[in-house]
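Novice: target.cif is reproduced in full below (mmCIF, C-alpha atoms).
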data_model
loop_
_atom_site.group_PDB
_atom_site.id
_atom_site.type_symbol
_atom_site.label_atom_id
_atom_site.label_comp_id
_atom_site.auth_asym_id
_atom_site.auth_seq_id
_atom_site.Cartn_x
_atom_site.Cartn_y
_atom_site.Cartn_z
ATOM 1 C CA MET A 90 55.126 110.647 78.170
ATOM 2 C CA LEU A 91 54.042 107.088 79.029
ATOM 3 C CA LYS A 92 57.352 105.718 77.701
ATOM 4 C CA TYR A 93 59.248 108.204 79.845
ATOM 5 C CA SER A 94 57.318 107.104 82.965
ATOM 6 C CA ARG A 95 58.030 103.431 82.267
ATOM 7 C CA LEU A 96 61.699 104.142 81.661
ATOM 8 C CA THR A 97 61.898 106.114 84.893
ATOM 9 C CA ALA A 98 60.169 103.308 86.804
ATOM 10 C CA VAL A 99 62.471 100.637 85.356
ATOM 11 C CA LEU A 100 65.594 102.687 86.076
ATOM 12 C CA SER A 101 64.377 103.357 89.627
ATOM 13 C CA VAL A 102 63.930 99.633 90.270
ATOM 14 C CA ILE A 103 67.385 98.869 88.868
ATOM 15 C CA ILE A 104 69.036 101.573 90.965
ATOM 16 C CA ILE A 105 67.247 100.428 94.118
ATOM 17 C CA GLN A 106 68.435 96.873 93.533
ATOM 18 C CA LEU A 107 72.035 97.987 93.001
ATOM 19 C CA VAL A 108 72.215 100.178 96.089
ATOM 20 C CA PRO A 109 72.742 98.059 99.194
ATOM 21 C CA SER A 110 70.175 98.499 101.916
ATOM 22 C CA ASP A 111 70.586 97.624 105.580
ATOM 23 C CA LYS A 112 74.094 96.343 104.939
ATOM 24 C CA SER A 113 76.156 97.791 107.711
ATOM 25 C CA ALA A 114 79.780 96.915 108.270
ATOM 26 C CA ILE A 115 80.725 95.319 111.529
ATOM 27 C CA ALA A 116 84.274 95.960 112.678
ATOM 28 C CA GLN A 117 86.244 92.918 113.733
ATOM 29 C CA GLU A 118 88.620 93.463 116.634
ATOM 30 C CA ARG A 119 91.299 91.142 115.173
ATOM 31 C CA GLU A 120 92.364 90.036 111.733
ATOM 32 C CA GLY A 121 91.743 86.584 110.421
ATOM 33 C CA CYS A 122 89.580 83.777 111.657
ATOM 34 C CA PHE A 123 89.395 83.306 115.424
ATOM 35 C CA LEU A 124 87.275 82.281 118.373
ATOM 36 C CA VAL A 125 87.069 83.930 121.766
ATOM 37 C CA ASN A 126 86.340 81.266 124.377
ATOM 38 C CA SER A 127 84.381 81.740 127.608
ATOM 39 C CA ALA A 128 87.576 82.720 129.450
ATOM 40 C CA GLY A 129 88.136 85.548 126.954
ATOM 41 C CA GLU A 130 91.104 83.818 125.318
ATOM 42 C CA VAL A 131 91.547 84.225 121.569
ATOM 43 C CA ILE A 132 91.985 81.002 119.611
ATOM 44 C CA ASN A 133 93.358 81.373 116.100
ATOM 45 C CA LEU A 134 91.293 79.340 113.618
ATOM 46 C CA ASN A 135 92.958 80.476 110.397
ATOM 47 C CA LEU A 136 93.768 76.885 109.479
ATOM 48 C CA LEU A 137 90.084 76.003 109.585
ATOM 49 C CA CYS A 138 88.706 78.992 107.708
ATOM 50 C CA SER A 139 88.694 79.282 103.960
ATOM 51 C CA PRO A 140 88.812 82.887 102.809
ATOM 52 C CA GLN A 141 88.352 83.454 99.126
ATOM 53 C CA GLU A 142 91.492 84.717 97.439
ATOM 54 C CA PHE A 143 91.600 85.659 93.819
ATOM 55 C CA ASP A 144 94.539 86.492 91.574
ATOM 56 C CA ILE A 145 97.313 86.391 94.163
ATOM 57 C CA LYS A 146 100.350 87.963 92.535
ATOM 58 C CA LEU A 147 103.529 86.387 93.784
ATOM 59 C CA THR A 148 106.526 88.609 93.463
ATOM 60 C CA GLY A 149 109.981 88.601 94.990
ATOM 61 C CA ASN A 150 110.178 86.603 98.180
ATOM 62 C CA ASP A 151 106.508 85.596 98.189
ATOM 63 C CA GLY A 152 106.937 82.680 95.794
ATOM 64 C CA LYS A 153 110.016 81.456 97.655
ATOM 65 C CA PHE A 154 108.153 81.818 100.947
ATOM 66 C CA LEU A 155 105.305 79.621 99.677
ATOM 67 C CA GLU A 156 107.683 76.995 98.287
ATOM 68 C CA ASP A 157 109.552 76.832 101.595
ATOM 69 C CA TYR A 158 106.290 76.712 103.546
ATOM 70 C CA LYS A 159 105.161 73.676 101.538
ATOM 71 C CA ARG A 160 108.549 72.000 101.981
ATOM 72 C CA LEU A 161 108.574 72.534 105.766
ATOM 73 C CA ALA A 162 104.931 71.467 106.096
ATOM 74 C CA LYS A 163 105.939 67.987 104.967
ATOM 75 C CA SER A 164 108.047 67.473 108.099
ATOM 76 C CA TYR A 165 105.007 67.075 110.373
ATOM 77 C CA SER A 166 102.546 64.225 110.837
ATOM 78 C CA PRO A 167 100.572 63.235 107.723
ATOM 79 C CA GLU A 168 97.370 64.799 109.131
ATOM 80 C CA ALA A 169 99.063 68.067 110.048
ATOM 81 C CA THR A 170 100.867 68.118 106.698
ATOM 82 C CA ASP A 171 97.550 67.737 104.894
ATOM 83 C CA ASN A 172 96.020 70.584 106.935
ATOM 84 C CA LEU A 173 98.993 72.867 106.331
ATOM 85 C CA LEU A 174 99.145 72.182 102.601
ATOM 86 C CA GLN A 175 95.404 72.681 102.208
ATOM 87 C CA ALA A 176 95.601 75.978 104.100
ATOM 88 C CA ILE A 177 98.496 77.334 102.032
ATOM 89 C CA GLN A 178 96.778 76.227 98.817
ATOM 90 C CA ARG A 179 93.471 77.780 99.820
ATOM 91 C CA ALA A 180 94.838 81.056 101.209
ATOM 92 C CA PRO A 181 98.465 81.736 100.264
ATOM 93 C CA GLY A 182 98.047 85.491 100.661
ATOM 94 C CA GLN A 183 96.912 85.004 104.248
ATOM 95 C CA LYS A 184 100.139 83.163 105.126
ATOM 96 C CA ILE A 185 102.267 85.778 103.365
ATOM 97 C CA ALA A 186 100.419 88.570 105.177
ATOM 98 C CA ALA A 187 100.890 86.798 108.525
ATOM 99 C CA ALA A 188 104.643 86.553 107.924
ATOM 100 C CA LYS A 189 104.910 90.208 106.925
ATOM 101 C CA ARG A 190 102.758 91.269 109.890
ATOM 102 C CA MET A 191 105.016 89.244 112.168
ATOM 103 C CA CYS A 192 108.061 91.089 110.826
ATOM 104 C CA ALA A 193 106.366 94.447 111.309
ATOM 105 C CA GLU A 194 105.578 93.581 114.936
ATOM 106 C CA ALA A 195 109.111 92.250 115.449
ATOM 107 C CA LYS A 196 110.554 95.499 114.140
ATOM 108 C CA SER A 197 108.427 97.274 116.748
ATOM 109 C CA GLY A 198 110.084 95.310 119.531
ATOM 110 C CA LEU A 199 108.432 91.880 119.861
ATOM 111 C CA SER A 200 110.995 89.109 119.460
ATOM 112 C CA LEU A 201 110.417 86.171 117.143
ATOM 113 C CA PRO A 202 110.662 83.656 120.035
ATOM 114 C CA GLU A 203 107.849 85.599 121.732
ATOM 115 C CA PHE A 204 105.650 84.831 118.721
ATOM 116 C CA LYS A 205 106.254 81.121 119.261
ATOM 117 C CA LEU A 206 105.454 81.439 122.958
ATOM 118 C CA ARG A 207 102.238 83.287 122.112
ATOM 119 C CA ALA A 208 101.231 80.464 119.748
ATOM 120 C CA ILE A 209 101.935 77.848 122.432
ATOM 121 C CA GLY A 210 99.707 79.766 124.819
ATOM 122 C CA GLN A 211 96.915 79.978 122.245
ATOM 123 C CA ALA A 212 97.246 76.292 121.374
ATOM 124 C CA ALA A 213 96.763 75.226 124.988
ATOM 125 C CA SER A 214 93.001 75.614 124.642
ATOM 126 C CA ILE A 215 92.741 73.616 121.392
ATOM 127 C CA GLU A 216 91.460 70.149 122.264
ATOM 128 C CA ASN A 217 91.784 68.378 118.902
ATOM 129 C CA PRO A 218 95.385 67.084 118.746
ATOM 130 C CA THR A 219 95.621 67.328 114.946
ATOM 131 C CA VAL A 220 94.291 70.895 114.914
ATOM 132 C CA LYS A 221 96.659 71.778 117.765
ATOM 133 C CA GLU A 222 99.644 70.293 115.938
ATOM 134 C CA SER A 223 98.657 72.069 112.719
ATOM 135 C CA PHE A 224 98.241 75.358 114.550
ATOM 136 C CA LEU A 225 101.659 75.094 116.236
ATOM 137 C CA ALA A 226 103.315 73.898 113.026
ATOM 138 C CA ASP A 227 101.859 76.846 111.111
ATOM 139 C CA ALA A 228 103.134 79.281 113.745
ATOM 140 C CA ASP A 229 106.570 77.665 113.713
ATOM 141 C CA ILE A 230 106.815 77.644 109.917
ATOM 142 C CA ILE A 231 105.635 81.224 109.540
ATOM 143 C CA THR A 232 107.980 82.466 112.272
ATOM 144 C CA THR A 233 110.944 80.686 110.738
ATOM 145 C CA LEU A 234 110.209 81.757 107.191
ATOM 146 C CA ALA A 235 109.184 85.320 108.051
ATOM 147 C CA ALA A 236 112.604 85.896 109.547
ATOM 148 C CA HIS A 237 114.308 84.332 106.563
ATOM 149 C CA HIS A 238 112.293 85.960 103.753
ATOM 150 C CA TYR A 239 110.914 89.243 105.060
ATOM 151 C CA CYS A 240 113.053 90.414 107.972
ATOM 152 C CA PRO A 241 116.434 88.660 107.886
ATOM 153 C CA GLU A 242 117.920 91.414 110.050
ATOM 154 C CA LEU A 243 115.790 90.089 112.924
ATOM 155 C CA ALA A 244 116.527 86.390 112.415
ATOM 156 C CA SER A 245 119.269 86.297 115.035
ATOM 157 C CA LYS A 246 117.280 88.139 117.714
#
Any chance you could put this one into structure tokens?

Specialist:
Amino acid sequence: MLKYSRLTAVLSVIIIQLVPSDKSAIAQEREGCFLVNSAGEVINLNLLCSPQEFDIKLTGNDGKFLEDYKRLAKSYSPEATDNLLQAIQRAPGQKIAAAKRMCAEAKSGLSLPEFKLRAIGQAASIENPTVKESFLADADIITTLAAHHYCPELASK
């Protein structure tokens, strides 16, 4: 009987430790890493954040997309190039998802040039010139490559 009580106590402690307590999920109103400034404007900070990605499986156009992203990233200033290459190395799935999301929105009616205009508007509030250049370069690269790799039917629109 004493052994049974100890076993029950040990199992209870283990179960309590495995079950999360007071861990509530907080919904985020947008995807990715961003900042809302005092004027209520959303500033995309995806280049600065480092989400953990494990076992990204590159199939089909994804590998070509990443290769082209790295190639195009080298056409910017050395600082911006470093930022872009670090971001694509750290979170390739995030860049792929952004390109696919862009195509989905474009298929719903938003034109690809409108994406670039949106990025220019968001970049206006970024004070650091290197971060601003990296942000705009990322938007330009993703817009260009999304059309080429994931929604070629929209590339001419």

Novice: Neighbouring residues of Tyr239 in chain A were defined as those with any atom within 10 Å, considering only C-alpha atoms; residues of the same chain fewer than 5 positions away were excluded. Please report them as an NGL selection string.

Specialist: :A and (150-151 or 154 or 185 or 188-193 or 234 or 244)

Novice: Taking 2 positions as the minimum chain separation for residues in the same chain, which residues sit within 7 Å of range 205-221 of chain A when counting all atoms listed in the file? Answer as number ranges by chain.

Specialist: A: 131-132, 168-169, 201-203, 223-225, 228-229

Novice: Counting all atoms listed in the file, which residues come within 10 Å of (111.0, 69.3, 112.2), with the point read in the file's coordinates, and could you list them as a PyMOL selection string?

Specialist: chain A and resi 161-166+226+229-230

Novice: Could you tell me which of A:Gly149, A:Gly182, A:Pro241, A:Gly129 comes closest to Lys196 in chain A if we count all atoms listed in the file?

Specialist: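 Closest residue, counting all atoms listed in the file: A:Pro241.
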
Novice: On this structure, which residues satisfy the PyMOL selection byres ((chain A and resi 173) around 8), written as an MDAnalysis selection string?

Specialist: chainID A and resid 136 159 162 169:172 174:177 223 227

Novice: What does the structure give for the distance between CA of Ala187 in chain A and CA of Ile231 in chain A, in Å to one decimal?

Specialist: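 CA of Ile231 in chain A lies at a distance of 7.4 Å from CA of Ala187 in chain A.
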
Novice: Point out the residue among A:Ala180, A:Phe123, A:Pro167, A:Glu130 with the least atom-to-atom distance to Glu222 in chain A, counting all atoms listed in the file.

Specialist: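 Smallest separation from Glu222 in chain A among the options: A:Pro167.
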
Novice: Which residue, A:Lys184, A:Thr232, A:Arg179, A:Asn126, has the smallest gap to Gly152 in chain A when you use only C-alpha atoms?

Specialist: A:Lys184

Novice: Would you compute the distance between CA of Leu243 in chain A and CA of Leu134 in chain A? Give it in Å to one decimal.

Specialist: 26.8 Å

Novice: Output, as AutoDock Vina command-line options, the centre and edge lengths in Å (one decimal) of the axis-aligned box that contains all listed atoms of range 168-180 of chain A with 3 Å of margin on each side.

Specialist:
--center_x 97.2 --center_y 72.9 --center_z 104.4 --size_x 13.4 --size_y 22.3 --size_z 17.2

Novice: What is the distance, in Å and to one decimal place, between CA of Val125 in chain A and CA of Thr233 in chain A?

Specialist: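 Distance between the two atoms: 26.5 Å.
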